[in-house]
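**Student:** Can you keep this structure in mind? I'll have questions shortly.
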Amino acid sequence: GFVFARAAPARALRRCGGKLPRAAARLSGGAAAPAAAATTRVVDDIVSAALDRRSYRWVELDSGLRALLISDANSDKAAAALEVKTGHFDDPADVAGLAHFTEHMMFLGTESFPDERSFKDFIGRHGGSSNAFTGMESTGYHFGVNANALPEALGRFASFFAEPLLREDSARREMQAVHSEFQRNLQSDQRRIFQLLKSTCDPAHPFSKFSTGSLETLGGAAAAARGAPHELVRSFFETHYEPRRMTLCVLGQQPLDELEELVGKSFAGLARLVRSPLTAGAEALSAGPALEGAPAG
């Protein structure tokens with residue numbers, strides 16, 4: 001399920017074209033709930049295998065978030081995955097591992113769910129699991145859960161990207177977790193070979209960057225000269241986590257119309273992250289002394 005969810009959005013985008021008008025935003029239930037995001041483009045004729053009984057729909061929200069929806073009435077599990085078009089190629093030259101550190105920090109509380117373990121505890125109580133990865137040019141987050149828990153799980157998941165807290169005390173602790181991951185990787189032959197390739201490539205190419213991060217790269221003198229760790233994470237998030245750089249895939253038992261409404265309600269908060277032009281934040285930071293990462297686009 002997870003492998004398909006991560007790969008499917010890109011395949012769907014290659015296959016799908018055209019624009020179809022959609023209705024204006026629906027209002028979510030409850031007086032205090034925000035209005036759902038409007039869907040600006042929809043494609044229903046997704047190419048799939050002849051024996052595939054699932055239903056598919058590709059949508060784009062007014063914030064720019066693109067989503068592949070998969071309806072499977074017979075599935076006892078639901079899942080979602082979101083990828084952001086940014087990875088360790090965008091790390092500042094002297095804060096190696098910042099993209100990976102940011103990925104870790106996204107799980108540690110949001111405005112709506114401030115407890116650091118809120119998401120993982122909810123997923124665990126409902127028969128699921130979650131994880132994330134940082135690649136060279138993309139960062140991915142995913143979860144699976146019992147089918148009936150999808151609506152609440154997706155709302156909690158969406159809050160990662162709309163309202164992460166990225167707190168100072170969380171950053172201090174999570175740097176230790178990143179450093180532990182780095183130390184564990186030292187024993188991996190696969191990681192050693194990967195680092196050998198990096199160390200022998202063109203040093204001017206972003207592939208040469210150290211991707212995991214450590215206490216030295218994230219909290220050493222060079223990084224400290226730029227700001228506190230949580231401030232660097234906040235800058236990276238505000239620069240690169242923009243809805244038009246995000247692609248989502250959701251699988252659930254609900255019919256496609258219900259999944260579309262659920263995504264619109266859950267991810268309505270992304271609208272406040274939209275910048276124009278898209279690269280304004282990245283250009284401003286790379287031009288000055290704050291961040292010098294390669295552009296994600």
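Chain lettering (A, B, ...) mirrors the order of the structure tokens, residue numbering begins at 1 for each chain separately, and ligand numbering begins at 1 in order of display.
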For range 187-198 of chain A, find every residue with an atom within 6 Å (counting only C-alpha atoms), except residues of its own chain fewer than 3 positions away, and show them as a list in words.

**Tutor:**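 Those residues are Arg184, Cys201 and Ser208 of chain A.
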
**Student:** Keeping only C-alpha atoms, write the selected residues as a CSV table (one decimal), in the first residue's frame.

**Tutor:**
```csv
chain,number,residue,atom,x,y,z
A,184,ARG,CA,23.6,3.8,13.5
A,201,CYS,CA,31.6,13.4,-6.8
A,208,SER,CA,28.0,15.8,-2.5
```

**Student:** Would you give me, as a list in words, the residues in range 109-245 of chain A that DSSP reads as strand (DSSP E or B)?

**Tutor:**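 Of range 109-245 of chain A, the ones in strand (DSSP E or B) are Thr110, Ser129, Ser130, Asn131, Ala132, Phe133, Thr134, Thr139, Gly140, Tyr141, His142, Phe143, Gly144, Val145, Asn146 and Pro164 of chain A.
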
**Student:** Could you name the residues that touch Leu61 in chain A at 7 Å or less, counting only C-alpha atoms, but leaving out those on the same chain fewer than 4 positions away, as a list in words?

**Tutor:**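 Contacts, in chain order: Ala37, Ala38, Thr39, Thr40, Leu65 and Arg66 of chain A.
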
**Student:** Keeping only N, CA, C and O atoms, write the selected residues to a file as a PDB file, in the first residue's frame.

**Tutor:**
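Output (selection_3.pdb):
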```
ATOM      1  N   ALA A  37     -11.339  23.583   1.198  1.00  0.00           N
ATOM      2  CA  ALA A  37     -10.653  24.148   0.047  1.00  0.00           C
ATOM      3  C   ALA A  37     -11.438  23.842  -1.218  1.00  0.00           C
ATOM      4  O   ALA A  37     -12.026  22.766  -1.364  1.00  0.00           O
ATOM      5  N   ALA A  38     -11.480  24.783  -2.149  1.00  0.00           N
ATOM      6  CA  ALA A  38     -12.148  24.563  -3.420  1.00  0.00           C
ATOM      7  C   ALA A  38     -11.279  23.691  -4.316  1.00  0.00           C
ATOM      8  O   ALA A  38     -10.053  23.787  -4.307  1.00  0.00           O
ATOM      9  N   THR A  39     -11.925  22.820  -5.092  1.00  0.00           N
ATOM     10  CA  THR A  39     -11.229  21.994  -6.072  1.00  0.00           C
ATOM     11  C   THR A  39     -11.256  22.710  -7.405  1.00  0.00           C
ATOM     12  O   THR A  39     -12.312  23.046  -7.921  1.00  0.00           O
ATOM     13  N   THR A  40     -10.103  22.966  -7.978  1.00  0.00           N
ATOM     14  CA  THR A  40     -10.034  23.731  -9.219  1.00  0.00           C
ATOM     15  C   THR A  40      -9.854  22.861 -10.455  1.00  0.00           C
ATOM     16  O   THR A  40     -10.166  23.289 -11.559  1.00  0.00           O
ATOM     17  N   LEU A  65      -2.244  22.218  -3.954  1.00  0.00           N
ATOM     18  CA  LEU A  65      -2.026  20.829  -3.579  1.00  0.00           C
ATOM     19  C   LEU A  65      -2.696  19.912  -4.594  1.00  0.00           C
ATOM     20  O   LEU A  65      -3.857  20.097  -4.951  1.00  0.00           O
ATOM     21  N   ARG A  66      -1.950  18.916  -5.072  1.00  0.00           N
ATOM     22  CA  ARG A  66      -2.496  17.929  -6.001  1.00  0.00           C
ATOM     23  C   ARG A  66      -2.671  16.609  -5.258  1.00  0.00           C
ATOM     24  O   ARG A  66      -1.841  16.244  -4.429  1.00  0.00           O
TER      25      ARG A  66
END
```

**Student:** Near Asp115 in chain A, within 12 Å and counting only C-alpha atoms, which residues show up once chain neighbours fewer than 6 positions away are dropped, as a short mmCIF file (atom, residue, chain, number, x, y, z; two decimals) with C-alpha atoms, in the first residue's frame?

**Tutor:**
```
data_model
loop_
_atom_site.label_atom_id
_atom_site.label_comp_id
_atom_site.auth_asym_id
_atom_site.auth_seq_id
_atom_site.Cartn_x
_atom_site.Cartn_y
_atom_site.Cartn_z
CA PHE A 107 5.80 14.93 13.76
CA LEU A 108 6.28 16.75 17.07
CA GLY A 109 3.08 18.66 17.63
CA ASP A 121 -0.50 7.51 19.64
CA PHE A 122 -3.69 8.01 17.61
CA ARG A 156 -4.25 15.20 12.15
CA PRO A 164 3.51 22.67 12.82
CA LEU A 165 4.78 24.04 16.14
CA LEU A 166 8.51 23.37 15.53
CA ARG A 167 9.30 24.21 19.15
CA SER A 170 11.48 19.71 20.70
#
```

**Student:** List every residue of range 38-157 of chain A that has an atom at most 10 Å from any atom of range 214-236 of chain A, giving for each one its closest atom pair and the distance in Å to one decimal, counting only C-alpha atoms, sorted by chain and then by ascending residue number, as a tab-separated table.

**Tutor:**
```
residue	atom	partner	partner_atom	distance
A:Thr86	CA	A:Phe236	CA	9.7
A:Asp90	CA	A:Phe236	CA	8.8
A:Asp91	CA	A:Phe236	CA	8.5
A:Pro92	CA	A:Ala223	CA	9.3
A:Ala93	CA	A:Ala222	CA	9.8
A:Asp94	CA	A:Ala222	CA	6.1
A:Val95	CA	A:Thr217	CA	5.4
A:Ala96	CA	A:Thr217	CA	5.5
A:Gly97	CA	A:Leu218	CA	7.0
A:Leu98	CA	A:Val233	CA	6.9
A:Ala99	CA	A:Phe236	CA	7.4
A:His100	CA	A:Val233	CA	9.8
A:Phe101	CA	A:Val233	CA	7.4
A:Thr102	CA	A:Val233	CA	5.5
A:Glu103	CA	A:Val233	CA	9.2
A:Met105	CA	A:Val233	CA	7.9
A:Met106	CA	A:Val233	CA	9.5
```

**Student:** Report as a count of residues only: the residues of range 71-249 of chain A with a DSSP assignment of alpha helix (DSSP H), based on the backbone of this structure.

**Tutor:** 82

**Student:** Using CA of His88 in chain A and CA of Phe157 in chain A as the two end points, give the distance in Å to one decimal.

**Tutor:**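 CA of Phe157 in chain A lies 22.3 Å from CA of His88 in chain A.
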
**Student:** Taking into account only C-alpha atoms, which residue in the set A:Ser159, A:Ser180, A:Ser211, A:Asn185 is nearest to Glu137 in chain A?

**Tutor:**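 Closest to Glu137 in chain A, using only C-alpha atoms: A:Ser211.
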
**Student:** Go through A:Asp257, A:Asp62, A:Asp76, A:Glu83 one by one, measure the shortest atom-to-atom distance of each to Ala271 in chain A using only C-alpha atoms, and give the residue with the smallest value.

**Tutor:**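 Checking each candidate against Ala271 in chain A, we get A:Asp62 as the closest.
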